[in-house]
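Have a look at query20.pdb; it's PDB, C-alpha atoms:
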ATOM      1  CA  MET Q   1     -28.188   0.013  -5.305  1.00  0.00           C
ATOM      2  CA  THR Q   2     -24.597  -0.558  -4.208  1.00  0.00           C
ATOM      3  CA  ARG Q   3     -22.427   2.511  -3.786  1.00  0.00           C
ATOM      4  CA  TRP Q   4     -19.176   0.764  -4.704  1.00  0.00           C
ATOM      5  CA  PRO Q   5     -19.226   1.542  -8.470  1.00  0.00           C
ATOM      6  CA  ALA Q   6     -19.426   5.280  -7.759  1.00  0.00           C
ATOM      7  CA  LEU Q   7     -16.619   5.034  -5.193  1.00  0.00           C
ATOM      8  CA  THR Q   8     -14.316   3.031  -7.466  1.00  0.00           C
ATOM      9  CA  GLU Q   9     -14.969   5.363 -10.396  1.00  0.00           C
ATOM     10  CA  GLU Q  10     -14.205   8.364  -8.201  1.00  0.00           C
ATOM     11  CA  LEU Q  11     -11.031   6.573  -7.126  1.00  0.00           C
ATOM     12  CA  ARG Q  12     -10.025   6.050 -10.766  1.00  0.00           C
ATOM     13  CA  MET Q  13     -10.380   9.765 -11.427  1.00  0.00           C
ATOM     14  CA  GLN Q  14      -8.321  10.592  -8.325  1.00  0.00           C
ATOM     15  CA  GLN Q  15      -5.590   8.238  -9.498  1.00  0.00           C
ATOM     16  CA  LEU Q  16      -5.524  10.023 -12.850  1.00  0.00           C
ATOM     17  CA  LEU Q  17      -5.265  13.366 -11.071  1.00  0.00           C
ATOM     18  CA  MET Q  18      -2.349  12.107  -9.007  1.00  0.00           C
ATOM     19  CA  GLU Q  19      -0.572  10.863 -12.138  1.00  0.00           C
ATOM     20  CA  MET Q  20      -0.989  14.267 -13.770  1.00  0.00           C
ATOM     21  CA  SER Q  21       0.432  15.977 -10.689  1.00  0.00           C
ATOM     22  CA  LEU Q  22       3.351  13.549 -10.576  1.00  0.00           C
ATOM     23  CA  ARG Q  23       4.199  14.065 -14.248  1.00  0.00           C
ATOM     24  CA  GLU Q  24       4.281  17.823 -13.691  1.00  0.00           C
ATOM     25  CA  TRP Q  25       6.541  17.456 -10.649  1.00  0.00           C
ATOM     26  CA  LEU Q  26       8.822  14.946 -12.392  1.00  0.00           C
ATOM     27  CA  ALA Q  27       9.293  17.290 -15.347  1.00  0.00           C
ATOM     28  CA  GLY Q  28      10.358  20.115 -13.042  1.00  0.00           C
ATOM     29  CA  TYR Q  29      12.590  17.829 -10.979  1.00  0.00           C
ATOM     30  CA  ALA Q  30      14.337  16.501 -14.083  1.00  0.00           C
ATOM     31  CA  ALA Q  31      14.734  20.024 -15.501  1.00  0.00           C
ATOM     32  CA  GLY Q  32      16.579  20.975 -12.329  1.00  0.00           C
ATOM     33  CA  GLY Q  33      18.987  18.069 -12.688  1.00  0.00           C
ATOM     34  CA  GLY Q  34      17.171  15.615 -10.421  1.00  0.00           C
ATOM     35  CA  ARG Q  35      16.859  11.933 -11.207  1.00  0.00           C
ATOM     36  CA  ILE Q  36      14.358   9.296 -10.137  1.00  0.00           C
ATOM     37  CA  HIS Q  37      15.839   5.796 -10.198  1.00  0.00           C
ATOM     38  CA  CYS Q  38      12.604   3.781 -10.383  1.00  0.00           C
ATOM     39  CA  SER Q  39      12.241   1.536 -13.435  1.00  0.00           C
ATOM     40  CA  ARG Q  40      10.210  -1.456 -14.581  1.00  0.00           C
ATOM     41  CA  GLY Q  41      11.163  -4.525 -12.583  1.00  0.00           C
ATOM     42  CA  CYS Q  42      13.372  -2.786  -9.997  1.00  0.00           C
ATOM     43  CA  ARG Q  43      11.014  -4.128  -7.242  1.00  0.00           C
ATOM     44  CA  GLY Q  44      13.040  -3.248  -4.143  1.00  0.00           C
ATOM     45  CA  CYS Q  45      10.190  -1.343  -2.514  1.00  0.00           C
ATOM     46  CA  CYS Q  46       7.821  -4.218  -3.330  1.00  0.00           C
ATOM     47  CA  THR Q  47       8.994  -6.073  -0.216  1.00  0.00           C
ATOM     48  CA  LEU Q  48       7.400  -3.398   1.976  1.00  0.00           C
ATOM     49  CA  ALA Q  49       3.969  -3.898   3.557  1.00  0.00           C
ATOM     50  CA  VAL Q  50       1.446  -1.969   1.448  1.00  0.00           C
ATOM     51  CA  SER Q  51      -1.437  -0.259   3.230  1.00  0.00           C
ATOM     52  CA  THR Q  52      -4.446   1.069   1.304  1.00  0.00           C
ATOM     53  CA  THR Q  53      -8.065   2.036   1.660  1.00  0.00           C
ATOM     54  CA  PHE Q  54     -10.577  -0.720   0.968  1.00  0.00           C
ATOM     55  CA  THR Q  55     -11.777   1.119  -2.142  1.00  0.00           C
ATOM     56  CA  GLU Q  56      -8.293   0.743  -3.652  1.00  0.00           C
ATOM     57  CA  ALA Q  57      -8.221  -2.940  -2.726  1.00  0.00           C
ATOM     58  CA  LEU Q  58     -11.680  -3.504  -4.191  1.00  0.00           C
ATOM     59  CA  ALA Q  59     -10.683  -1.890  -7.486  1.00  0.00           C
ATOM     60  CA  ILE Q  60      -7.780  -4.343  -7.789  1.00  0.00           C
ATOM     61  CA  ALA Q  61      -9.858  -7.342  -6.661  1.00  0.00           C
ATOM     62  CA  ALA Q  62     -12.425  -6.597  -9.378  1.00  0.00           C
ATOM     63  CA  THR Q  63      -9.779  -6.729 -12.116  1.00  0.00           C
ATOM     64  CA  LEU Q  64      -7.346  -9.259 -10.648  1.00  0.00           C
ATOM     65  CA  PRO Q  65      -5.365 -10.830 -13.504  1.00  0.00           C
ATOM     66  CA  GLU Q  66      -5.820 -14.562 -13.980  1.00  0.00           C
ATOM     67  CA  GLY Q  67      -3.398 -16.613 -11.923  1.00  0.00           C
ATOM     68  CA  LEU Q  68      -2.781 -13.981  -9.239  1.00  0.00           C
ATOM     69  CA  ALA Q  69      -5.582 -15.094  -6.930  1.00  0.00           C
ATOM     70  CA  ASP Q  70      -3.617 -18.156  -5.812  1.00  0.00           C
ATOM     71  CA  ARG Q  71      -0.576 -15.984  -5.108  1.00  0.00           C
ATOM     72  CA  VAL Q  72      -2.692 -13.644  -2.968  1.00  0.00           C
ATOM     73  CA  ASP Q  73      -3.979 -16.663  -1.036  1.00  0.00           C
ATOM     74  CA  ALA Q  74      -0.417 -17.957  -0.512  1.00  0.00           C
ATOM     75  CA  TYR Q  75       0.705 -14.529   0.703  1.00  0.00           C
ATOM     76  CA  VAL Q  76      -2.154 -14.334   3.219  1.00  0.00           C
ATOM     77  CA  ASN Q  77      -1.480 -17.873   4.415  1.00  0.00           C
ATOM     78  CA  ARG Q  78       2.126 -16.875   5.164  1.00  0.00           C
ATOM     79  CA  LEU Q  79       0.897 -13.732   6.893  1.00  0.00           C
ATOM     80  CA  LEU Q  80      -1.548 -15.664   9.080  1.00  0.00           C
ATOM     81  CA  ALA Q  81       1.088 -18.279   9.922  1.00  0.00           C
ATOM     82  CA  LEU Q  82       3.210 -15.446  11.328  1.00  0.00           C
ATOM     83  CA  ARG Q  83       0.254 -13.919  13.198  1.00  0.00           C
ATOM     84  CA  PRO Q  84       1.360 -15.175  16.673  1.00  0.00           C
ATOM     85  CA  ARG Q  85       4.696 -13.376  16.220  1.00  0.00           C
ATOM     86  CA  LEU Q  86       3.142 -10.145  14.956  1.00  0.00           C
ATOM     87  CA  THR Q  87       2.890  -8.549  18.365  1.00  0.00           C
ATOM     88  CA  ASP Q  88       3.044  -4.920  17.274  1.00  0.00           C
ATOM     89  CA  LEU Q  89       3.573  -2.682  14.262  1.00  0.00           C
ATOM     90  CA  ALA Q  90       7.378  -2.865  14.429  1.00  0.00           C
ATOM     91  CA  ALA Q  91       7.340  -6.672  14.450  1.00  0.00           C
ATOM     92  CA  TYR Q  92       4.827  -6.722  11.600  1.00  0.00           C
ATOM     93  CA  LEU Q  93       6.912  -4.452   9.371  1.00  0.00           C
ATOM     94  CA  ARG Q  94      10.143  -6.289  10.162  1.00  0.00           C
ATOM     95  CA  LEU Q  95       8.805  -9.809   9.661  1.00  0.00           C
ATOM     96  CA  HIS Q  96       6.835  -8.802   6.586  1.00  0.00           C
ATOM     97  CA  ARG Q  97      10.009  -7.858   4.766  1.00  0.00           C
ATOM     98  CA  ARG Q  98      12.143 -10.724   6.096  1.00  0.00           C
ATOM     99  CA  GLU Q  99       9.773 -13.680   6.040  1.00  0.00           C
ATOM    100  CA  ILE Q 100       6.527 -13.050   4.162  1.00  0.00           C
ATOM    101  CA  GLY Q 101       8.209 -12.139   0.913  1.00  0.00           C
ATOM    102  CA  PRO Q 102       7.548  -9.691  -1.904  1.00  0.00           C
ATOM    103  CA  CYS Q 103       4.246  -8.365  -3.183  1.00  0.00           C
ATOM    104  CA  PRO Q 104       2.093 -11.130  -4.748  1.00  0.00           C
ATOM    105  CA  PHE Q 105       1.347  -8.863  -7.704  1.00  0.00           C
ATOM    106  CA  LEU Q 106       4.875  -8.978  -9.135  1.00  0.00           C
ATOM    107  CA  ASP Q 107       5.125 -10.869 -12.421  1.00  0.00           C
ATOM    108  CA  ALA Q 108       7.996 -13.120 -13.515  1.00  0.00           C
ATOM    109  CA  ASP Q 109      10.019 -10.085 -14.619  1.00  0.00           C
ATOM    110  CA  GLY Q 110       9.527  -8.282 -11.320  1.00  0.00           C
ATOM    111  CA  ALA Q 111       7.060  -5.803 -12.809  1.00  0.00           C
ATOM    112  CA  CYS Q 112       3.727  -4.876 -11.220  1.00  0.00           C
ATOM    113  CA  ALA Q 113       0.877  -6.901 -12.743  1.00  0.00           C
ATOM    114  CA  VAL Q 114      -1.721  -4.433 -11.401  1.00  0.00           C
ATOM    115  CA  TYR Q 115       0.239  -1.306 -12.306  1.00  0.00           C
ATOM    116  CA  ALA Q 116      -2.719   0.651 -13.703  1.00  0.00           C
ATOM    117  CA  ARG Q 117      -4.650   0.048 -10.469  1.00  0.00           C
ATOM    118  CA  ARG Q 118      -1.743   0.268  -8.030  1.00  0.00           C
ATOM    119  CA  PRO Q 119      -2.619   2.157  -4.832  1.00  0.00           C
ATOM    120  CA  PHE Q 120      -1.653   5.699  -3.914  1.00  0.00           C
ATOM    121  CA  SER Q 121       0.976   4.459  -1.468  1.00  0.00           C
ATOM    122  CA  CYS Q 122       2.817   2.688  -4.309  1.00  0.00           C
ATOM    123  CA  ARG Q 123       2.490   5.612  -6.722  1.00  0.00           C
ATOM    124  CA  ALA Q 124       4.013   7.850  -4.044  1.00  0.00           C
ATOM    125  CA  LEU Q 125       7.329   5.974  -3.696  1.00  0.00           C
ATOM    126  CA  LEU Q 126       9.806   7.562  -6.108  1.00  0.00           C
ATOM    127  CA  ALA Q 127      13.428   6.838  -5.232  1.00  0.00           C
ATOM    128  CA  THR Q 128      16.102   9.519  -5.453  1.00  0.00           C
ATOM    129  CA  ARG Q 129      18.817   6.886  -4.905  1.00  0.00           C
ATOM    130  CA  GLU Q 130      19.737   3.721  -6.802  1.00  0.00           C
ATOM    131  CA  SER Q 131      17.186   0.902  -6.557  1.00  0.00           C
ATOM    132  CA  PRO Q 132      19.298  -1.395  -4.301  1.00  0.00           C
ATOM    133  CA  TRP Q 133      18.685   1.109  -1.491  1.00  0.00           C
ATOM    134  CA  CYS Q 134      14.966   0.276  -1.689  1.00  0.00           C
ATOM    135  CA  SER Q 135      15.735  -3.280  -0.557  1.00  0.00           C
ATOM    136  CA  VAL Q 136      17.917  -2.351   2.401  1.00  0.00           C
ATOM    137  CA  ASP Q 137      16.732  -3.146   5.918  1.00  0.00           C
ATOM    138  CA  PHE Q 138      18.079  -0.083   7.706  1.00  0.00           C
ATOM    139  CA  SER Q 139      17.677  -1.738  11.087  1.00  0.00           C
ATOM    140  CA  GLU Q 140      20.565  -4.000  10.094  1.00  0.00           C
ATOM    141  CA  LEU Q 141      22.951  -1.153   9.205  1.00  0.00           C
ATOM    142  CA  SER Q 142      25.558   0.119  11.609  1.00  0.00           C
ATOM    143  CA  SER Q 143      25.321   3.641  12.995  1.00  0.00           C
ATOM    144  CA  ALA Q 144      28.171   4.720  10.723  1.00  0.00           C
ATOM    145  CA  GLU Q 145      26.465   3.259   7.646  1.00  0.00           C
ATOM    146  CA  LYS Q 146      23.210   5.024   8.479  1.00  0.00           C
ATOM    147  CA  GLN Q 147      24.994   8.343   8.973  1.00  0.00           C
ATOM    148  CA  ALA Q 148      26.854   7.951   5.687  1.00  0.00           C
ATOM    149  CA  PHE Q 149      23.588   7.272   3.871  1.00  0.00           C
ATOM    150  CA  VAL Q 150      21.727  10.175   5.457  1.00  0.00           C
ATOM    151  CA  ALA Q 151      24.599  12.497   4.517  1.00  0.00           C
ATOM    152  CA  THR Q 152      23.905  11.789   0.824  1.00  0.00           C
ATOM    153  CA  LEU Q 153      20.278  12.944   1.041  1.00  0.00           C
ATOM    154  CA  ASP Q 154      18.956  16.352   0.097  1.00  0.00           C
ATOM    155  CA  PRO Q 155      16.478  17.333   2.861  1.00  0.00           C
ATOM    156  CA  ALA Q 156      14.857  19.797   0.474  1.00  0.00           C
ATOM    157  CA  VAL Q 157      13.858  16.956  -1.876  1.00  0.00           C
ATOM    158  CA  VAL Q 158      13.358  13.772   0.137  1.00  0.00           C
ATOM    159  CA  ALA Q 159      10.943  12.709   2.856  1.00  0.00           C
ATOM    160  CA  PHE Q 160      13.837  12.742   5.328  1.00  0.00           C
ATOM    161  CA  PRO Q 161      15.382  10.435   6.471  1.00  0.00           C
ATOM    162  CA  THR Q 162      14.234   8.240   3.567  1.00  0.00           C
ATOM    163  CA  HIS Q 163      15.523   8.540   0.002  1.00  0.00           C
ATOM    164  CA  TYR Q 164      11.983   8.765  -1.412  1.00  0.00           C
ATOM    165  CA  ALA Q 165      10.945  12.114  -2.874  1.00  0.00           C
ATOM    166  CA  ALA Q 166       8.832  14.208  -0.499  1.00  0.00           C
ATOM    167  CA  VAL Q 167       6.354  15.748  -2.956  1.00  0.00           C
ATOM    168  CA  PRO Q 168       5.082  12.397  -4.299  1.00  0.00           C
ATOM    169  CA  ARG Q 169       4.838  11.082  -0.731  1.00  0.00           C
ATOM    170  CA  ALA Q 170       2.742  14.073   0.284  1.00  0.00           C
ATOM    171  CA  LEU Q 171       0.524  13.707  -2.792  1.00  0.00           C
ATOM    172  CA  GLY Q 172      -0.050  10.039  -2.058  1.00  0.00           C
ATOM    173  CA  GLU Q 173      -0.998  10.760   1.538  1.00  0.00           C
ATOM    174  CA  GLU Q 174      -3.371  13.521   0.442  1.00  0.00           C
ATOM    175  CA  PHE Q 175      -5.194  11.392  -2.141  1.00  0.00           C
ATOM    176  CA  GLU Q 176      -5.349   8.393   0.180  1.00  0.00           C
ATOM    177  CA  GLU Q 177      -6.821  10.565   2.926  1.00  0.00           C
ATOM    178  CA  GLN Q 178      -9.470  11.805   0.478  1.00  0.00           C
ATOM    179  CA  ALA Q 179     -10.398   8.202  -0.364  1.00  0.00           C
ATOM    180  CA  LYS Q 180     -10.550   7.385   3.339  1.00  0.00           C
ATOM    181  CA  ARG Q 181     -12.838  10.347   4.065  1.00  0.00           C
ATOM    182  CA  ARG Q 182     -15.086   9.354   1.149  1.00  0.00           C
ATOM    183  CA  LEU Q 183     -15.425   5.850   2.566  1.00  0.00           C
ATOM    184  CA  ALA Q 184     -16.233   7.206   6.000  1.00  0.00           C
ATOM    185  CA  ALA Q 185     -18.790   9.656   4.612  1.00  0.00           C
ATOM    186  CA  THR Q 186     -20.504   6.831   2.715  1.00  0.00           C
ATOM    187  CA  PHE Q 187     -20.565   4.085   5.337  1.00  0.00           C
ATOM    188  CA  GLY Q 188     -19.873   5.865   8.637  1.00  0.00           C
ATOM    189  CA  PHE Q 189     -16.359   4.433   8.915  1.00  0.00           C
ATOM    190  CA  ALA Q 190     -13.328   3.709   6.746  1.00  0.00           C
ATOM    191  CA  LEU Q 191     -11.416   0.448   6.430  1.00  0.00           C
ATOM    192  CA  THR Q 192      -7.699   0.633   5.643  1.00  0.00           C
ATOM    193  CA  GLY Q 193      -4.758  -1.727   5.938  1.00  0.00           C
ATOM    194  CA  ASN Q 194      -2.830  -4.558   4.307  1.00  0.00           C
ATOM    195  CA  LEU Q 195      -3.646  -4.632   0.585  1.00  0.00           C
ATOM    196  CA  PRO Q 196      -3.452  -8.373  -0.247  1.00  0.00           C
ATOM    197  CA  LEU Q 197      -5.313  -9.215   2.960  1.00  0.00           C
ATOM    198  CA  GLN Q 198      -8.207  -6.928   2.008  1.00  0.00           C
ATOM    199  CA  ILE Q 199      -8.332  -8.491  -1.463  1.00  0.00           C
ATOM    200  CA  TYR Q 200      -8.322 -11.962   0.106  1.00  0.00           C
ATOM    201  CA  LEU Q 201     -11.248 -10.993   2.361  1.00  0.00           C
ATOM    202  CA  GLU Q 202     -13.165  -9.621  -0.602  1.00  0.00           C
ATOM    203  CA  ARG Q 203     -12.651 -12.787  -2.629  1.00  0.00           C
ATOM    204  CA  HIS Q 204     -13.409 -15.245   0.165  1.00  0.00           C
ATOM    205  CA  CYS Q 205     -15.824 -13.317   2.412  1.00  0.00           C
ATOM    206  CA  ARG Q 206     -17.417 -10.637   0.183  1.00  0.00           C
ATOM    207  CA  LEU Q 207     -16.133  -7.887   2.452  1.00  0.00           C
ATOM    208  CA  SER Q 208     -17.750  -5.288   0.195  1.00  0.00           C
ATOM    209  CA  ALA Q 209     -21.158  -6.727   1.144  1.00  0.00           C
ATOM    210  CA  THR Q 210     -20.400  -6.560   4.872  1.00  0.00           C
ATOM    211  CA  ILE Q 211     -19.044  -3.000   5.047  1.00  0.00           C
ATOM    212  CA  PRO Q 212     -22.438  -1.382   4.211  1.00  0.00           C
ATOM    213  CA  LEU Q 213     -23.867  -3.239   7.235  1.00  0.00           C
ATOM    214  CA  GLY Q 214     -21.716  -1.099   9.534  1.00  0.00           C
ATOM    215  CA  ASP Q 215     -18.510  -1.122  11.513  1.00  0.00           C
ATOM    216  CA  GLU Q 216     -19.695  -3.710  14.067  1.00  0.00           C
ATOM    217  CA  ALA Q 217     -20.585  -6.230  11.371  1.00  0.00           C
ATOM    218  CA  THR Q 218     -17.263  -5.562   9.674  1.00  0.00           C
ATOM    219  CA  ARG Q 219     -15.322  -5.929  12.912  1.00  0.00           C
ATOM    220  CA  THR Q 220     -17.121  -9.218  13.635  1.00  0.00           C
ATOM    221  CA  LEU Q 221     -16.017 -10.530  10.253  1.00  0.00           C
ATOM    222  CA  LEU Q 222     -12.404  -9.516  10.869  1.00  0.00           C
ATOM    223  CA  VAL Q 223     -12.433 -11.175  14.297  1.00  0.00           C
ATOM    224  CA  SER Q 224     -13.895 -14.374  12.839  1.00  0.00           C
ATOM    225  CA  ARG Q 225     -10.988 -14.541  10.365  1.00  0.00           C
ATOM    226  CA  GLY Q 226      -8.374 -13.724  13.005  1.00  0.00           C
ATOM    227  CA  VAL Q 227      -7.228 -10.529  11.253  1.00  0.00           C
ATOM    228  CA  ASP Q 228      -8.504  -7.860  13.650  1.00  0.00           C
ATOM    229  CA  ALA Q 229      -4.998  -6.740  14.730  1.00  0.00           C
ATOM    230  CA  PRO Q 230      -4.737  -2.921  14.422  1.00  0.00           C
ATOM    231  CA  PHE Q 231      -1.458  -3.096  12.494  1.00  0.00           C
ATOM    232  CA  LEU Q 232      -3.099  -5.322   9.840  1.00  0.00           C
ATOM    233  CA  LEU Q 233      -6.435  -3.568   9.360  1.00  0.00           C
ATOM    234  CA  GLN Q 234      -7.889  -0.393  10.835  1.00  0.00           C
ATOM    235  CA  LEU Q 235     -11.493   0.772  11.176  1.00  0.00           C
ATOM    236  CA  ALA Q 236     -11.726   4.539  11.578  1.00  0.00           C
ATOM    237  CA  PRO Q 237     -15.016   6.318  12.344  1.00  0.00           C
ATOM    238  CA  ALA Q 238     -16.242   9.160  10.183  1.00  0.00           C
ATOM    239  CA  SER Q 239     -15.328  11.753  12.808  1.00  0.00           C
ATOM    240  CA  SER Q 240     -11.590  10.808  12.857  1.00  0.00           C
TER     241      SER Q 240
END
Output the file's structure in the form of structure tokens.
Amino acid sequence: MTRWPALTEELRMQQLLMEMSLREWLAGYAAGGGRIHCSRGCRGCCTLAVSTTFTEALAIAATLPEGLADRVDAYVNRLLALRPRLTDLAAYLRLHRREIGPCPFLDADGACAVYARRPFSCRALLATRESPWCSVDFSELSSAEKQAFVATLDPAVVAFPTHYAAVPRALGEEFEEQAKRRLAATFGFALTGNLPLQIYLERHCRLSATIPLGDEATRTLLVSRGVDAPFLLQLAPASS
């Protein structure tokens, strides 16, 4: 019997636990005069490359709203067209934001169409500055502009030098690491990386059927699809 239902149910419970922890932190932050500027449709951070565990991707793939599958395919086609220029992680992150475009799961109003299933990395981004800052490419700012921005941040609150709150970031990393370890304990390795790409591979290649066959079979599949670059997808052994 497949082990994916147990893993995705465990993931759902972990997501609920993270939401409870975030609500508790947000209440204390607001009581102390803090403000989070995230709101429905603000979407600035949705131009960032989103990395998740495969379990998170599978949970979204299983409940993908009608009409979004074609948008995932279009996103991956743009990603693969840029593949020759994606020479390293820095190039990938830069070109993702500038040329690939926003997350394929945004609806017409700029809201997340998979919000209930959104990954830990998305849940962890809570902005302590106005939403336009989430769209800024800081590599394009002058030294003076960067210094002026950094001077507005509270190092005790943010994941410095970003304007995203540190506690949610740490929670997201902790829960994602737990999901990664659970994958590795189940199959001997964990697959993580680009979220829409993993969903695409599940829809078109049944990636969830290949992973139980082992890391070599999984790596062979990734190579055959031309997506084995370490900044796109990562296979980590259970001991890592």
So what does the PyMOL selection byres ((chain Q and resi 56-62) around 8) actually pick up in this one, as JSON, numbers by chain?
{"Q": [8, 11, 52, 53, 54, 55, 63, 64, 114, 117, 118, 119, 195, 196, 198, 199, 202, 203, 208]}
Kindly resolve the PyMOL selection byres ((chain Q and resi 131-134) around 6) on the present coordinates and return the residues as a PDB file with C-alpha atoms, in the coordinates of the input.
ATOM      1  CA  GLY Q  44      13.040  -3.248  -4.143  1.00  0.00           C
ATOM      2  CA  CYS Q  45      10.190  -1.343  -2.514  1.00  0.00           C
ATOM      3  CA  GLU Q 130      19.737   3.721  -6.802  1.00  0.00           C
ATOM      4  CA  SER Q 135      15.735  -3.280  -0.557  1.00  0.00           C
ATOM      5  CA  VAL Q 136      17.917  -2.351   2.401  1.00  0.00           C
TER       6      VAL Q 136
END
Taking only C-alpha atoms into account, which of Q:Thr186, Q:Ser142, Q:Thr210, Q:Thr192 comes nearest Q:Gln234?
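Of all the options, Q:Thr192 lies closest to Q:Gln234.
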Nearest residue to Q:Leu16 from the set Q:Val150, Q:Ala116, Q:Ala127, Q:Ala165 (distances using only C-alpha atoms):
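Ranking Q:Val150, Q:Ala116, Q:Ala127, Q:Ala165 by distance to Q:Leu16, first place goes to Q:Ala116.
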Pick from Q:Leu79, Q:Leu191, Q:Ala108, Q:Ala166, whichever lies nearest to Q:Leu235 using only C-alpha atoms:
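Closest to Q:Leu235 of all the choices is Q:Leu191.
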If the PyMOL selection byres ((chain Q and resi 164) around 10) were run on this exact file, what residues would it hold? Put them as a ChimeraX atom specification.
/Q:36,124-129,134,153,157-163,165-169
